[in-house]
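Trainee: Structure file structure_34.csv (CSV, C-alpha atoms) right here:
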```
chain,number,residue,atom,x,y,z
G,1,MET,CA,50.1,-6.7,1.5
G,2,ILE,CA,46.3,-7.2,1.4
G,3,LYS,CA,45.1,-10.2,3.4
G,4,LYS,CA,41.8,-9.3,5.0
G,5,ILE,CA,39.0,-8.1,2.8
G,6,LEU,CA,35.5,-6.9,4.0
G,7,ILE,CA,32.6,-6.9,1.6
G,8,VAL,CA,29.6,-4.7,2.6
G,9,ASP,CA,26.5,-5.3,0.5
G,10,ASP,CA,22.9,-5.9,1.3
G,11,SER,CA,22.5,-8.6,-1.4
G,12,PRO,CA,23.7,-12.1,-0.5
G,13,ILE,CA,23.9,-12.9,-4.2
G,14,SER,CA,26.0,-9.9,-4.8
G,15,ILE,CA,28.4,-10.9,-2.0
G,16,LYS,CA,28.6,-14.3,-3.6
G,17,ILE,CA,29.4,-12.8,-7.0
G,18,ILE,CA,32.0,-10.4,-5.6
G,19,LYS,CA,33.7,-13.3,-3.8
G,20,SER,CA,33.7,-15.4,-7.0
G,21,CYS,CA,35.5,-12.5,-8.7
G,22,MET,CA,38.4,-12.5,-6.3
G,23,PRO,CA,41.7,-13.7,-7.8
G,24,LYS,CA,41.9,-17.4,-7.2
G,25,ASP,CA,45.7,-17.5,-6.7
G,26,LYS,CA,45.5,-15.3,-3.6
G,27,ASP,CA,44.4,-16.6,-0.2
G,28,TYR,CA,42.4,-13.7,1.1
G,29,GLU,CA,40.5,-13.8,4.3
G,30,LEU,CA,37.0,-12.7,3.2
G,31,PHE,CA,34.4,-11.2,5.5
G,32,ASP,CA,31.0,-9.7,4.8
G,33,ALA,CA,28.3,-7.4,6.2
G,34,ALA,CA,24.7,-6.9,5.0
G,35,ASP,CA,24.3,-3.2,5.6
G,36,GLY,CA,26.3,0.0,6.2
G,37,GLN,CA,25.9,0.0,10.0
G,38,THR,CA,27.0,-3.6,10.3
G,39,GLY,CA,29.8,-2.9,7.8
G,40,VAL,CA,31.1,-0.1,10.0
G,41,GLU,CA,31.0,-2.3,13.1
G,42,LYS,CA,32.8,-5.1,11.3
G,43,TYR,CA,35.4,-2.7,10.0
G,44,LYS,CA,36.1,-1.5,13.6
G,45,GLU,CA,36.3,-5.1,14.8
G,46,LEU,CA,38.3,-6.7,11.9
G,47,LYS,CA,40.3,-3.7,10.6
G,48,PRO,CA,40.5,-5.2,7.1
G,49,ASP,CA,43.2,-4.2,4.7
G,50,LEU,CA,40.6,-3.5,2.0
G,51,THR,CA,36.8,-2.9,2.0
G,52,PHE,CA,34.4,-3.3,-0.9
G,53,LEU,CA,31.3,-1.1,-0.1
G,54,ASP,CA,28.0,-0.9,-1.8
G,55,LEU,CA,26.1,2.4,-1.8
G,56,THR,CA,22.4,1.6,-1.9
G,57,MET,CA,21.8,-0.3,1.3
G,58,PRO,CA,19.2,-0.3,4.1
G,59,VAL,CA,19.9,0.9,7.7
G,60,MET,CA,22.9,3.0,6.7
G,61,ASN,CA,23.8,3.7,3.1
G,62,GLY,CA,27.3,3.4,1.6
G,63,PHE,CA,28.0,7.2,1.7
G,64,GLN,CA,27.3,7.3,5.4
G,65,ALA,CA,29.2,4.1,6.1
G,66,LEU,CA,32.2,5.4,4.1
G,67,GLU,CA,32.3,8.6,6.2
G,68,GLU,CA,32.1,6.5,9.4
G,69,ILE,CA,34.9,4.2,8.4
G,70,LEU,CA,37.1,7.0,7.4
G,71,LYS,CA,36.3,8.8,10.6
G,72,PHE,CA,37.5,5.7,12.5
G,73,ASP,CA,40.5,5.1,10.2
G,74,GLN,CA,41.7,7.9,7.9
G,75,LYS,CA,43.9,5.4,6.0
G,76,ALA,CA,41.1,3.0,5.2
G,77,LEU,CA,41.1,1.6,1.7
G,78,VAL,CA,37.5,1.5,0.5
G,79,ILE,CA,36.5,0.6,-3.0
G,80,ILE,CA,32.9,1.5,-3.8
G,81,LEU,CA,31.2,-1.2,-5.8
G,82,THR,CA,27.9,0.1,-6.9
G,83,ALA,CA,25.0,0.1,-9.3
G,84,ASP,CA,24.6,3.9,-8.7
G,85,VAL,CA,26.9,5.1,-11.5
G,86,GLN,CA,25.5,8.6,-11.7
G,87,ILE,CA,28.3,11.1,-12.2
G,88,LYS,CA,27.3,12.9,-9.0
G,89,ALA,CA,27.3,9.7,-7.0
G,90,VAL,CA,30.7,8.7,-8.2
G,91,ALA,CA,32.1,12.3,-7.5
G,92,LYS,CA,30.6,12.2,-4.0
G,93,ALA,CA,32.2,8.9,-3.2
G,94,HIS,CA,35.6,10.2,-4.4
G,95,ASP,CA,35.1,13.5,-2.4
G,96,LEU,CA,34.3,11.5,0.7
G,97,GLY,CA,37.6,9.6,0.3
G,98,ALA,CA,36.8,6.4,-1.5
G,99,PHE,CA,40.0,4.8,-2.9
G,100,SER,CA,38.2,3.9,-6.2
G,101,VAL,CA,34.7,3.3,-7.6
G,102,LEU,CA,33.7,0.2,-9.6
G,103,LYS,CA,30.4,-0.4,-11.3
G,104,LYS,CA,28.2,-3.4,-10.9
G,105,PRO,CA,28.0,-6.1,-12.1
G,106,PRO,CA,31.7,-6.7,-11.2
G,107,ALA,CA,34.1,-8.2,-13.7
G,108,ARG,CA,36.9,-10.4,-12.5
G,109,GLY,CA,39.5,-8.3,-14.3
G,110,ALA,CA,38.3,-5.1,-12.8
G,111,ILE,CA,38.2,-6.5,-9.3
G,112,ALA,CA,41.8,-7.9,-9.7
G,113,ALA,CA,43.0,-4.6,-11.0
G,114,ALA,CA,41.4,-2.7,-8.2
G,115,ILE,CA,42.9,-5.0,-5.6
G,116,LYS,CA,46.3,-4.7,-7.1
G,117,GLU,CA,46.1,-0.9,-7.1
G,118,ALA,CA,45.1,-1.0,-3.4
G,119,ASP,CA,47.9,-3.4,-2.7
G,120,ASP,CA,50.4,-1.0,-4.4
G,121,ALA,CA,49.0,1.9,-2.4
G,122,LEU,CA,49.4,-0.1,0.8
G,123,SER,CA,53.0,-1.1,-0.1
G,124,GLU,CA,53.9,2.6,-0.7
G,125,ARG,CA,52.7,3.5,2.7
G,126,GLY,CA,55.0,0.9,4.1
Q,1,MET,CA,-2.5,-13.4,-1.7
Q,2,LEU,CA,-1.4,-16.4,-3.6
Q,3,LYS,CA,-4.0,-19.1,-3.8
Q,4,ASN,CA,-1.6,-22.0,-4.1
Q,5,ASP,CA,1.5,-22.6,-2.0
Q,6,ASN,CA,3.1,-24.4,-5.0
Q,7,THR,CA,3.3,-21.0,-6.7
Q,8,LYS,CA,5.9,-19.9,-4.1
Q,9,GLU,CA,8.2,-22.5,-5.7
Q,10,MET,CA,8.0,-20.7,-9.0
Q,11,ILE,CA,10.7,-18.3,-8.1
Q,12,THR,CA,13.2,-19.3,-5.4
Q,13,THR,CA,14.7,-17.0,-2.8
Q,14,ALA,CA,18.1,-17.1,-4.6
Q,15,GLU,CA,16.4,-16.1,-7.9
Q,16,THR,CA,14.5,-13.3,-6.2
Q,17,ASP,CA,17.7,-12.0,-4.7
Q,18,LEU,CA,19.4,-12.1,-8.1
Q,19,LEU,CA,16.5,-10.4,-9.8
Q,20,GLN,CA,16.6,-7.7,-7.1
Q,21,GLU,CA,20.3,-7.2,-7.7
Q,22,ILE,CA,19.7,-7.0,-11.5
Q,23,MET,CA,16.9,-4.5,-11.0
Q,24,ASN,CA,19.3,-2.5,-8.8
Q,25,ILE,CA,21.9,-2.5,-11.5
Q,26,ALA,CA,19.4,-1.7,-14.3
Q,27,PHE,CA,17.7,1.2,-12.5
Q,28,GLY,CA,21.1,2.6,-11.4
Q,29,ARG,CA,22.1,2.6,-15.1
Q,30,ALA,CA,18.8,4.3,-16.0
Q,31,THR,CA,19.2,7.1,-13.5
Q,32,SER,CA,22.8,7.6,-14.7
Q,33,ASP,CA,21.4,8.0,-18.3
Q,34,LEU,CA,18.8,10.5,-17.0
Q,35,ALA,CA,21.5,12.4,-15.0
Q,36,GLU,CA,23.5,12.8,-18.3
Q,37,TYR,CA,20.4,14.3,-19.9
Q,38,ILE,CA,19.4,16.7,-17.1
Q,39,ASP,CA,21.4,18.1,-14.2
Q,40,ILE,CA,19.9,15.9,-11.5
Q,41,PHE,CA,20.9,13.5,-8.7
Q,42,VAL,CA,18.6,10.6,-8.1
Q,43,ILE,CA,18.6,9.1,-4.7
Q,44,LEU,CA,18.1,5.3,-5.1
Q,45,SER,CA,16.6,2.8,-2.8
Q,46,VAL,CA,16.9,-1.0,-2.4
Q,47,PRO,CA,14.5,-2.5,-5.0
Q,48,HIS,CA,11.8,-4.9,-3.8
Q,49,ILE,CA,10.6,-8.1,-5.7
Q,50,LYS,CA,7.3,-9.7,-5.1
Q,51,LEU,CA,5.4,-12.6,-6.7
Q,52,LEU,CA,1.6,-12.2,-6.7
Q,53,GLN,CA,-1.5,-12.7,-8.7
Q,54,ALA,CA,-2.2,-10.1,-11.3
Q,55,PHE,CA,-5.6,-9.6,-9.8
Q,56,ASP,CA,-4.0,-8.3,-6.6
Q,57,LEU,CA,-1.7,-5.9,-8.3
Q,58,PRO,CA,-3.8,-2.8,-8.1
Q,59,GLU,CA,-4.4,-3.3,-4.4
Q,60,TYR,CA,-0.6,-3.9,-3.9
Q,61,ILE,CA,0.3,-0.8,-5.8
Q,62,ASN,CA,-2.4,1.2,-4.0
Q,63,LYS,CA,-0.9,0.2,-0.7
Q,64,GLU,CA,2.6,1.0,-1.9
Q,65,ILE,CA,1.7,4.5,-2.9
Q,66,LYS,CA,-0.8,5.2,-0.2
Q,67,ASP,CA,0.5,8.7,0.4
Q,68,TYR,CA,-0.6,9.7,-3.1
Q,69,ASP,CA,-4.3,10.5,-3.7
Q,70,ASN,CA,-4.0,10.8,-7.5
Q,71,VAL,CA,-1.0,10.0,-9.6
Q,72,SER,CA,0.5,10.6,-13.0
Q,73,VAL,CA,1.7,7.5,-14.7
Q,74,VAL,CA,4.0,6.7,-17.6
Q,75,GLU,CA,3.3,3.2,-18.8
Q,76,GLN,CA,5.1,1.2,-21.4
Q,77,ASN,CA,4.7,-2.4,-22.5
Q,78,PHE,CA,7.7,-4.4,-23.6
Q,79,TRP,CA,8.1,-7.7,-25.5
Q,80,GLY,CA,10.9,-10.1,-25.8
Q,81,LYS,CA,11.4,-13.3,-23.9
Q,82,PHE,CA,11.1,-10.9,-20.9
Q,83,LYS,CA,7.6,-9.5,-21.4
Q,84,GLY,CA,5.4,-7.3,-19.3
Q,85,ASN,CA,4.5,-3.7,-18.4
Q,86,ALA,CA,6.5,-0.9,-16.7
Q,87,PHE,CA,4.9,1.9,-14.8
Q,88,LEU,CA,6.6,5.0,-13.6
Q,89,VAL,CA,4.4,6.6,-10.9
Q,90,PHE,CA,4.6,10.1,-9.7
Q,91,PRO,CA,2.3,11.9,-7.2
Q,92,SER,CA,-0.2,14.2,-8.8
Q,93,GLY,CA,1.1,17.7,-9.5
Q,94,THR,CA,4.7,16.6,-10.1
Q,95,GLY,CA,4.6,17.4,-13.8
Q,96,LYS,CA,5.0,21.1,-13.3
Q,97,ARG,CA,8.2,20.7,-11.3
Q,98,LEU,CA,9.6,18.2,-13.8
Q,99,ILE,CA,9.0,20.7,-16.6
Q,100,SER,CA,11.4,23.1,-15.0
Q,101,LEU,CA,14.0,20.3,-14.7
Q,102,PHE,CA,13.8,19.5,-18.4
Q,103,HIS,CA,13.2,22.9,-19.9
Q,104,GLY,CA,14.7,25.3,-17.4
Q,105,GLY,CA,13.1,28.3,-15.8
Q,106,ASP,CA,10.7,28.5,-12.9
Q,107,GLU,CA,7.7,26.2,-12.4
Q,108,ILE,CA,4.9,27.0,-14.8
Q,109,PRO,CA,1.5,28.1,-13.3
Q,110,ASP,CA,-1.4,25.7,-13.1
Q,111,LEU,CA,-2.9,25.2,-16.5
Q,112,ASN,CA,-6.1,23.5,-17.4
Q,113,PRO,CA,-6.4,21.4,-19.5
Q,114,ILE,CA,-3.1,19.6,-18.8
Q,115,HIS,CA,-0.3,21.4,-20.5
Q,116,GLU,CA,1.2,19.6,-23.5
Q,117,LEU,CA,4.6,20.3,-22.1
Q,118,GLU,CA,3.8,18.3,-19.0
Q,119,ILE,CA,2.8,15.3,-21.0
Q,120,GLU,CA,6.0,15.6,-23.1
Q,121,THR,CA,8.1,15.8,-20.0
Q,122,PHE,CA,6.6,12.7,-18.6
Q,123,LEU,CA,7.1,10.9,-21.9
Q,124,GLU,CA,10.8,12.0,-22.0
Q,125,ILE,CA,11.4,10.8,-18.4
Q,126,GLY,CA,9.5,7.6,-19.1
Q,127,ASN,CA,11.4,6.9,-22.3
Q,128,ILE,CA,14.8,7.3,-20.5
Q,129,LEU,CA,14.1,5.6,-17.2
Q,130,ILE,CA,11.9,2.7,-18.4
Q,131,GLY,CA,13.8,2.2,-21.7
Q,132,ALA,CA,17.2,2.1,-20.0
Q,133,CYS,CA,16.1,0.0,-17.1
Q,134,ILE,CA,14.3,-2.6,-19.1
Q,135,GLY,CA,17.0,-2.5,-21.7
Q,136,LYS,CA,19.7,-3.2,-19.1
Q,137,ILE,CA,17.7,-6.0,-17.5
Q,138,ALA,CA,17.4,-7.6,-21.0
Q,139,GLU,CA,21.0,-7.0,-21.8
Q,140,LEU,CA,22.2,-8.7,-18.5
Q,141,LEU,CA,19.9,-11.6,-19.1
Q,142,GLY,CA,20.6,-12.0,-22.9
Q,143,ASP,CA,17.4,-10.8,-24.4
Q,144,VAL,CA,16.3,-8.2,-26.9
Q,145,ILE,CA,13.3,-6.1,-26.2
Q,146,THR,CA,10.7,-4.3,-28.3
Q,147,TYR,CA,8.7,-1.4,-26.7
Q,148,SER,CA,5.3,0.1,-27.2
Q,149,PRO,CA,5.2,3.8,-27.3
Q,150,PRO,CA,4.9,5.2,-23.8
Q,151,ARG,CA,1.5,6.3,-22.6
Q,152,VAL,CA,0.9,9.1,-20.1
Q,153,VAL,CA,-2.0,9.3,-17.7
Q,154,VAL,CA,-2.0,12.5,-15.7
Q,155,ASP,CA,-3.8,13.0,-12.4
Q,156,LYS,CA,-5.8,9.8,-12.2
Q,157,SER,CA,-6.5,7.2,-9.6
Q,158,ILE,CA,-3.9,4.4,-9.9
Q,159,ARG,CA,-6.5,1.7,-9.7
Q,160,GLY,CA,-8.0,2.4,-13.2
Q,161,VAL,CA,-4.6,2.9,-14.7
Q,162,VAL,CA,-3.1,-0.4,-13.7
Q,163,TYR,CA,-6.3,-2.5,-13.9
Q,164,ASP,CA,-6.7,-1.7,-17.6
Q,165,ASN,CA,-3.5,-3.5,-18.3
Q,166,LEU,CA,-4.3,-6.8,-16.7
Q,167,ASN,CA,-5.2,-9.0,-19.6
Q,168,ASP,CA,-5.5,-12.0,-17.5
Q,169,PRO,CA,-6.0,-11.2,-13.9
Q,170,ASP,CA,-5.6,-14.9,-12.9
Q,171,ASN,CA,-2.0,-14.9,-14.1
Q,172,LEU,CA,0.9,-14.6,-11.7
Q,173,ALA,CA,3.2,-11.6,-12.0
Q,174,ILE,CA,6.6,-10.7,-10.6
Q,175,VAL,CA,6.6,-7.1,-9.5
Q,176,LEU,CA,9.9,-5.3,-9.4
Q,177,ARG,CA,9.5,-2.1,-7.4
Q,178,THR,CA,11.9,0.7,-6.7
Q,179,VAL,CA,11.5,4.1,-5.1
Q,180,PHE,CA,13.5,7.1,-6.2
Q,181,GLU,CA,13.8,10.7,-5.3
Q,182,PHE,CA,15.0,13.6,-7.5
Q,183,ASN,CA,17.1,15.4,-4.9
Q,184,GLU,CA,17.1,18.9,-6.3
Q,185,LYS,CA,13.3,19.1,-6.7
Q,186,ASN,CA,12.2,17.0,-3.8
Q,187,ILE,CA,10.2,14.8,-6.2
Q,188,SER,CA,9.8,11.1,-5.4
Q,189,GLY,CA,8.3,8.3,-7.4
Q,190,TYR,CA,8.0,4.6,-8.0
Q,191,MET,CA,8.8,2.3,-10.8
Q,192,PHE,CA,6.9,-1.0,-11.1
Q,193,ILE,CA,7.8,-3.6,-13.6
Q,194,LEU,CA,5.2,-6.4,-14.0
Q,195,THR,CA,6.4,-9.5,-15.8
Q,196,LYS,CA,3.9,-12.0,-16.8
Q,197,GLN,CA,3.7,-15.7,-16.0
Q,198,GLU,CA,4.6,-16.7,-19.6
Q,199,SER,CA,8.1,-15.2,-19.0
Q,200,PHE,CA,8.8,-17.1,-15.8
Q,201,ALA,CA,10.4,-20.2,-17.4
Q,202,TRP,CA,12.7,-18.1,-19.5
Q,203,LEU,CA,13.5,-15.8,-16.6
Q,204,LYS,CA,14.5,-18.6,-14.3
Q,205,THR,CA,16.8,-20.1,-17.0
Q,206,ALA,CA,18.3,-16.6,-17.8
Q,207,LEU,CA,18.9,-15.9,-14.1
Q,208,ASN,CA,20.8,-19.2,-13.6
Q,209,LYS,CA,22.8,-18.6,-16.8
Q,210,PHE,CA,23.8,-15.1,-15.5
Q,211,LEU,CA,25.1,-16.7,-12.3
Q,212,GLU,CA,27.0,-19.4,-14.2
Q,213,GLN,CA,29.5,-16.8,-15.4
Q,214,TYR,CA,30.5,-16.3,-11.7
Q,215,GLU,CA,31.0,-19.9,-10.9
```
Hey, can you dump this file as structure tokens for me?
Mentor:
Amino acid sequence: MIKKILIVDDSPISIKIIKSCMPKDKDYELFDAADGQTGVEKYKELKPDLTFLDLTMPVMNGFQALEEILKFDQKALVIILTADVQIKAVAKAHDLGAFSVLKKPPARGAIAAAIKEADDALSERG
Amino acid sequence: MLKNDNTKEMITTAETDLLQEIMNIAFGRATSDLAEYIDIFVILSVPHIKLLQAFDLPEYINKEIKDYDNVSVVEQNFWGKFKGNAFLVFPSGTGKRLISLFHGGDEIPDLNPIHELEIETFLEIGNILIGACIGKIAELLGDVITYSPPRVVVDKSIRGVVYDNLNDPDNLAIVLRTVFEFNEKNISGYMFILTKQESFAWLKTALNKFLEQYE
């Protein structure tokens, strides 16, 4: 079951928006990081059940961060939440091992559905 | 430089951050539209927002694109509650490489005067990137926009191009800047959106309204 969620995004307002989209009936522990590098470090430290990851970020972009996270934890559940909705960007994120890709701005329904999917995947793993 | 410290209060840090995120979303959508039209992957960067006096814009843009001697610019004006000018800036000589992206085949040889195809290509790219980006900003903020036809200036100094568009240099402007790179052709460029002081009040209200849906 998903308890800990890490949000990696360079925009403080975007983090605030994503947090506001979280289902209100769940009591998730929410953490955040402001760039890919910090996101990878926080992932290693916190080992979250689910990570929301932006792609366009300073220091280390989301593609690189996704690779680093999956190198550390092959089973990491990473949802890409991005403004970069080019077909090739979405395909690259899937190829690298993202669990799913959502476009910005986020909608509450889409976030809830994505978390449920991730929860189901986590349950199947046992 | 801003003359008056009070002007810094005209747009708060939170509003700047939200505008940056909206620009990020809008330009992301614009590049996706372009990528559907031509087989290309655009590498995006984090947008930057700056408030400054219109008079200082040419110097600001000159500094931003200091690596380019001359530039080719697609410029389009837009009107709605969100009102201003958008500039798509490419380094001089980019047009020939862009032609091959749009029309296939190898790069065409240097032609003088500027080949009509080069201008058409800039117009097409401008229409897609500027139109989709401004359109998405307007959509997210609840506005409807009218556009002027795009205008192309090839291989000129940026100073003349931008300065011509400053109707009132004493006005304040919000500059939204993003840098992009067409991966396959190693072409990079800038987009600047200048929104005029008369749009500020509406913009602040619209940004706050946008945020309300997430409260």
Trainee: Per residue of chain Q within 10 Å of chain G, which atom pair is closest and at what distance in Å (one decimal), using all atoms listed in the file, listed by chain and increasing number, as CSV?
Mentor:
```
residue,atom,partner,partner_atom,distance
Q:Ala14,CA,G:Ile13,CA,7.2
Q:Glu15,CA,G:Ile13,CA,9.0
Q:Thr16,CA,G:Ile13,CA,9.6
Q:Asp17,CA,G:Ile13,CA,6.3
Q:Leu18,CA,G:Ile13,CA,6.0
Q:Leu19,CA,G:Ile13,CA,9.6
Q:Gln20,CA,G:Ser11,CA,8.3
Q:Glu21,CA,G:Ser11,CA,6.8
Q:Ile22,CA,G:Pro105,CA,8.4
Q:Met23,CA,G:Ala83,CA,9.5
Q:Asn24,CA,G:Ala83,CA,6.3
Q:Ile25,CA,G:Ala83,CA,4.6
Q:Ala26,CA,G:Ala83,CA,7.7
Q:Phe27,CA,G:Ala83,CA,8.0
Q:Gly28,CA,G:Asp84,CA,4.6
Q:Arg29,CA,G:Val85,CA,6.5
Q:Ala30,CA,G:Gln86,CA,9.0
Q:Thr31,CA,G:Gln86,CA,6.7
Q:Ser32,CA,G:Gln86,CA,4.2
Q:Asp33,CA,G:Gln86,CA,7.8
Q:Leu34,CA,G:Gln86,CA,8.8
Q:Ala35,CA,G:Gln86,CA,6.4
Q:Glu36,CA,G:Ile87,CA,7.9
Q:Asp39,CA,G:Lys88,CA,9.4
Q:Ile40,CA,G:Lys88,CA,8.4
Q:Phe41,CA,G:Lys88,CA,6.4
Q:Val42,CA,G:Gln86,CA,8.0
Q:Ile43,CA,G:Thr56,CA,8.9
Q:Leu44,CA,G:Thr56,CA,6.5
Q:Ser45,CA,G:Thr56,CA,6.0
Q:Val46,CA,G:Thr56,CA,6.1
Q:Pro47,CA,G:Thr56,CA,9.4
Q:Leu140,CA,G:Pro105,CA,9.0
Q:Leu211,CA,G:Ile17,CA,7.9
Q:Gln213,CA,G:Ile17,CA,9.3
Q:Tyr214,CA,G:Ser20,CA,5.8
Q:Glu215,CA,G:Ser20,CA,6.5
```
Trainee: For each of Q:Trp79, Q:Tyr60, Q:Tyr147, Q:Phe90, take the minimum atom-to-atom distance to Ala132 in chain Q, counting all atoms listed in the file, then give the residue where this is smallest.
Mentor: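 Closest to Ala132 in chain Q, using all atoms listed in the file: Q:Tyr147.
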Trainee: Using all atoms listed in the file, can you tell me which of Q:Lys83, Q:Arg177, Q:Lys50, Q:Lys185 comes closest to Phe200 in chain Q?
Mentor: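 Of Q:Lys83, Q:Arg177, Q:Lys50, Q:Lys185, the one nearest Phe200 in chain Q, counting all atoms listed in the file, is Q:Lys83.
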Trainee: Using Å and a single decimal, report how far CA of Leu81 in chain G sits from CA of Lys81 in chain Q.
Mentor: 29.4 Å
Trainee: Please compute the CA of Asn186 in chain Q-CA of His103 in chain Q distance, one decimal, in Å.
Mentor: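 CA of His103 in chain Q lies at a distance of 17.2 Å from CA of Asn186 in chain Q.
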Trainee: Find the distance between CA of Ile5 in chain G and CA of Tyr28 in chain G and write it in Å to one decimal.
Mentor: 6.8 Å
Trainee: Would you list the contacts of Lys75 in chain G as a ChimeraX atom specification, taking every protein, DNA or RNA residue within 10 Å and counting all atoms listed in the file, but skipping same-chain residues closer than 3 positions in sequence?
Mentor: /G:49,69-72,78,97,99,122,125
Trainee: Please identify all polymer residues within 7 Å of Val101 in chain G, counting only C-alpha atoms, omitting same-chain residues fewer than 5 positions from it, and present them as a ChimeraX atom specification.
Mentor: /G:79-81,90
Trainee: Mind checking which residues fall within 12 Å of Ser157 in chain Q, counting all atoms listed in the file, ignoring those fewer than 6 positions away in the same chain, and posting them as an NGL selection string?
Mentor: :Q and (58-59 or 61-62 or 65-66 or 68-73 or 89-92 or 163-164)
Trainee: Taking C-alpha atoms for each residue, export the selection above as a compact mmCIF listing (two decimals), in the coordinates of the input.
Mentor:
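Output saved as again-v1.txt:
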```txt
# COMPACT_ATOMS: atom_id res chain seq x y z
CA PRO Q 58 -3.80 -2.80 -8.10
CA GLU Q 59 -4.40 -3.30 -4.40
CA ILE Q 61 0.30 -0.80 -5.80
CA ASN Q 62 -2.40 1.20 -4.00
CA ILE Q 65 1.70 4.50 -2.90
CA LYS Q 66 -0.80 5.20 -0.20
CA TYR Q 68 -0.60 9.70 -3.10
CA ASP Q 69 -4.30 10.50 -3.70
CA ASN Q 70 -4.00 10.80 -7.50
CA VAL Q 71 -1.00 10.00 -9.60
CA SER Q 72 0.50 10.60 -13.00
CA VAL Q 73 1.70 7.50 -14.70
CA VAL Q 89 4.40 6.60 -10.90
CA PHE Q 90 4.60 10.10 -9.70
CA PRO Q 91 2.30 11.90 -7.20
CA SER Q 92 -0.20 14.20 -8.80
CA TYR Q 163 -6.30 -2.50 -13.90
CA ASP Q 164 -6.70 -1.70 -17.60
```
